[in-house]
Every structure is written in structure tokens, then in C-alpha cells.
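Engineer: Following this message is one structure expressed as C-alpha cells.
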Amino acid sequence: MVCVSFHLQLDRTEVIKSNLNPVFAKVFTLDYYFEEVQKLRFEAYDIHGTHSIGTRDDDFLGGMECTLGQIVAQKKMVKPLFLKYGKYAGKSTITVHAEEISGNNGYVELFFSAKKLDDKDLFSKSDPFLEIYRINDDESEQLVHRTEVIKNNLNPVWEPFKVSLISLCSCDEERKLKCLVWDYDSRGKHDFIGEFYTTFGEMQKVSEGNKVTWDCLNPKYKLKKRNYKNSGVVILNELKLHRVYSFLDYIMGGCQIHFTVAIDFTASNGDPRNSCSLHYINPYQPNEYLKALIAVGEICQDYDSDKRFSALGFGARIPPNYEVSHDFAINFNPEDDECVEIQGVVEAYQTCLPKIQLYGPTNVAPIISRLAKIAAGEEITKDASRYHILLILTDGVVTDMADTRLSCRPGQMCPCRGAQAGCGVLQPQGLCTKMPQQGLAQLHPKHPRITGQEIERT
């Protein structure tokens, strides 16, 4: 028997030259699912060229396998590296740190420069770079960011960089930060220029026309030289704080979730009078459609103050003329398609089934267009305090995919989101294409606006 396993490369760190004990600044962001075993493999290479990792020109230094759950549980995990066939890679180890970033309140953009740094090179000027470390509660140091190297310059201006607040200071403005300035050496033996300590709270004193400066100090020089002042000055020229609002922020800010369900009444579901039909009303247990409806609806109703939900249908011939409709209220009230609580939706569904004729095709664009127009109308009135969720319950392939994509475009900047759920053995295809997210913008502290629409399959 031959077993073949595949690994998908998620990301790679930066290359650190001529160093047997590298500390990488690159941060990997992964989604953690408690209920799943998420296997990871880390591999270290000695790079000899600019080609991609894993080529014959690169030396494999060792690898390590574990699960994301193990890293999360230990927070700091140290494991030996293994060569091929399970052999130890000497005494080599790899250390992986884990930090939770969910619920953090944003990121910051920092713009540093320096002046009159000490010259550490004999025939040229220093090649400075800056490192920022966070001091943890146990006094250990965690590298947060390493800037690029500015060649042959005692007055470097580093590129602005972004870092999350959870990485920078664990969202604690008074947590101590240690900043080091080095003179780069291609052999890996960087020359120490100086250091200083600060906090994120102190950094925030920067304002227009008012920069924050620190003396870059070398402790050895300070002890030996009587008139020693500093080894240069490090300047924070600009700080931009970007708040990232969480779902809880929106809810506590007064945002209401309006839940809309669209049910597939096409003939492919089978005759509702037949026990094999997905729409068969079993007196002892709910059918597939009701299971999906109740599972999602019971969650959403906690965030809707009036507990009223829009219930729509598509793909059926409806009374009185029994013409095919792809957008009708299952309570047959076109002026008010809302039902009271999830139980009201269930009752409307059960009442609707005997009155309609299942037909087709599976067209969902009309309902998506309706929801997008409603959400767009709230944008115009500047009262986007409702977030619309559209749950599409269907048993198969969406037949109007081109029109569906077109109907999604007007709502991309509106506070709405769609999800498709499959019922029965045949899982739906077609809506698994994700629409581009536009981000969260122009938020109001009391009525935050959620923008961006995404259609996804669940």
C-alpha cells in the first residue's frame, strides 16, 4: 500500500542571513476551529538563491508537525526539528508562539526615522534597522516588527508599517516596549547602536507638527563616557490608529439584524405529499427545510428586537392565477411579508405548501435584487442601523447564475449578506462564488454601518 499526503503552503517567513538562531518577524494569521484537528507542518530551509523554497539549490534543515490546537493550548511550543525518515536534525529546535487576535480593536500604522546615529563602519556609514519588542507579563520579549535596512545612512527614514494592537501591546497602552537600533552586517553579526523603552500610550502623543522623540542609548557607552548623551535620536513622525469594529461592537451600538429566508419550491424537491419529498410534512419531525430554517433563525432572532422575519418563496406556481413566481411572500401578503418569530415562519410555510404547485426553474436573482434595494434605500436615508441576512434554502443548482451575480453588484456596499444552505442529498452548486468585501467604513458610534456583501455556500 502506498500512502500519499499533500501539504498546502500557507505562507513563509522572511529570510534571515548568516544566523543560526533566527528570530522571524513574520506573523501567520490562521483561523482556529476548536472542533477540528488542524494539522500543520513547519519546514526550515537554508536558502542559496532567489528561487522558491524547496528547490534543489536549497538545503532542508528540518521540519516539525503538530496541530494548531497543540500550539494554542501551550501558547509557546518548542519542538525538535526532524530530517527525512524521522532523524533528528542535530539539536535544532523550533519555537512557535500563539496569540488570539479575535476581539482585538484594530491596528496601528507607524512611521519612524532617526538622526545622527553612531557610525559603526570604518570605510562607510552605518546600515541601520529598527526592531520593536513587546515585554510580556513574564518579562520575556516578543519581536513585534523589524524594519528594512537603510544602507549607508546615519539619518534613516524607514518605510511606514502596520501592526495589530494585540501584537504590539496586547491592547494594553501602558505595556512596555523595547526598541533596538542595529547596524546591519551581511555576516549576521549586527553591531548594536542603541536602545530605548516606550509604551503605545507614549507613542500616541504624536500629532500634526508634534513628533515624539527618544534618545537612542548604548548602556556601555553611558557607563564609560562621562559626557555621553546618546547614540542618536529615534523619531516617531506619524501614528495612524485604525479601529476594527467587531460584531459585538455593532450589536451594542444599536445595530439590528433583519433575517430573510427564501425557500426553494421547485419541482425537483418532490411532491410534498410523498414521504420522499424534501417538503414532506412529517407530523413527528421537521423536514430538511424546516431544520435549516430553525437552526439559523433561532440564532438570528436574538439580535432582532421586533422578532419579525421576512419569509419568501421562489420557483412555484402561486394562486390565484397559478403563474410561476420567483419572489413571493409565503404568507401571501405582498404588503407585509413578515412573520412573527421563527414559529410564525414555520406556520406560514406549512400553510403555504398545500396552496402552491412546485415548478421551476431555480432562479434566485429576483429575491437578491429585492433585498439589495431595501438595503440600498437605508443607505440613502443614512439610517443603516439594520444588517440584512438572506438565507437561501435550495436543493440543487441555481439556474440563473449570471443574473444572480449581476443582482449582487448593487448591494456590494450595502449592509447585507447572503448565505445558501443545501437541503437533501444533492448539495447546491453555484452560489459558492464569493463576492468581494469592501471593508467596514464610515462607522457611527451609535448606529455603525456594516458594508460589504458576500454570497457563500454553507
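Chain labels follow the order of the C-alpha cells: the first chain is A, the next B, and so on; residue numbering restarts at 1 in every chain, and ligands are counted from 1 in their shown order.
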Out of range 215-344 of chain A, which residues get strand (DSSP E) from DSSP, as a ChimeraX atom specification?

Structural biologist: /A:215,233-242,256-264,308-314,316-318,323-325,328-329,338-340

Engineer: What lies within 6 Å of range 118-134 of chain A using only C-alpha atoms, ignoring chain neighbours under 2 positions off, as a VMD selection string?

Structural biologist: chain A and resid 141 to 153 177 to 184 231

Engineer: Can you write out as CSV which residues of range 189-232 of chain A fall within 12 Å of range 86-110 of chain A, alongside each residue's closest atom pair and its distance in Å to one decimal, counting only C-alpha atoms and ordering rows by chain and ascending residue number?

Structural biologist:
```
residue,atom,partner,partner_atom,distance
A:Phe200,CA,A:Val108,CA,9.8
A:Met203,CA,A:Leu110,CA,9.2
A:Gln204,CA,A:Val108,CA,10.2
A:Val206,CA,A:Leu110,CA,10.5
A:Lys211,CA,A:Leu110,CA,11.9
A:Val212,CA,A:Leu110,CA,11.6
```

Engineer: Using only C-alpha atoms, which residue out of A:Asp249, A:Glu43, A:Asp395, A:Glu341 lies closest to Asn269 in chain A?

Structural biologist: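 Ranking A:Asp249, A:Glu43, A:Asp395, A:Glu341 by distance to Asn269 in chain A, first place goes to A:Asp395.
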
Engineer: Please return, as a PyMOL selection string, all residues of range 193-235 of chain A that DSSP assigns to helix (DSSP H, G or I) on the basis of the backbone.

Structural biologist: chain A and resi 200-203+219-224

Engineer: Keeping only N, CA and C atoms, write the selected residues as a short mmCIF file (atom, residue, chain, number, x, y, z; two decimals), in the first residue's frame.

Structural biologist:
```cif
data_model
loop_
_atom_site.label_atom_id
_atom_site.label_comp_id
_atom_site.auth_asym_id
_atom_site.auth_seq_id
_atom_site.Cartn_x
_atom_site.Cartn_y
_atom_site.Cartn_z
N PHE A 200 2.84 52.25 24.06
CA PHE A 200 1.95 52.71 23.00
C PHE A 200 1.25 54.01 23.41
N GLY A 201 0.99 54.13 24.71
CA GLY A 201 0.39 55.36 25.21
C GLY A 201 1.27 56.57 24.94
N GLU A 202 2.58 56.39 25.12
CA GLU A 202 3.51 57.49 24.86
C GLU A 202 3.58 57.79 23.37
N MET A 203 3.51 56.74 22.54
CA MET A 203 3.54 56.94 21.09
C MET A 203 2.37 57.80 20.61
N PRO A 219 23.99 51.39 26.67
CA PRO A 219 24.32 51.33 28.10
C PRO A 219 25.82 51.28 28.38
N LYS A 220 26.60 50.60 27.51
CA LYS A 220 28.05 50.50 27.74
C LYS A 220 28.71 51.87 27.60
N TYR A 221 28.30 52.62 26.58
CA TYR A 221 28.87 53.96 26.39
C TYR A 221 28.47 54.88 27.53
N LYS A 222 27.25 54.70 28.02
CA LYS A 222 26.76 55.56 29.11
C LYS A 222 27.59 55.39 30.37
N LEU A 223 28.07 54.15 30.60
CA LEU A 223 28.88 53.88 31.78
C LEU A 223 30.32 54.35 31.60
N LYS A 224 30.85 54.23 30.38
CA LYS A 224 32.26 54.51 30.14
C LYS A 224 32.54 55.98 29.85
#
```

Engineer: Under the rule that only C-alpha atoms are counted, which of A:Tyr32, A:Tyr303, A:Tyr85, A:Tyr45 is the nearest residue to Leu68 in chain A?

Structural biologist: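 Using only C-alpha atoms, the shortest distance to Leu68 in chain A belongs to A:Tyr32.
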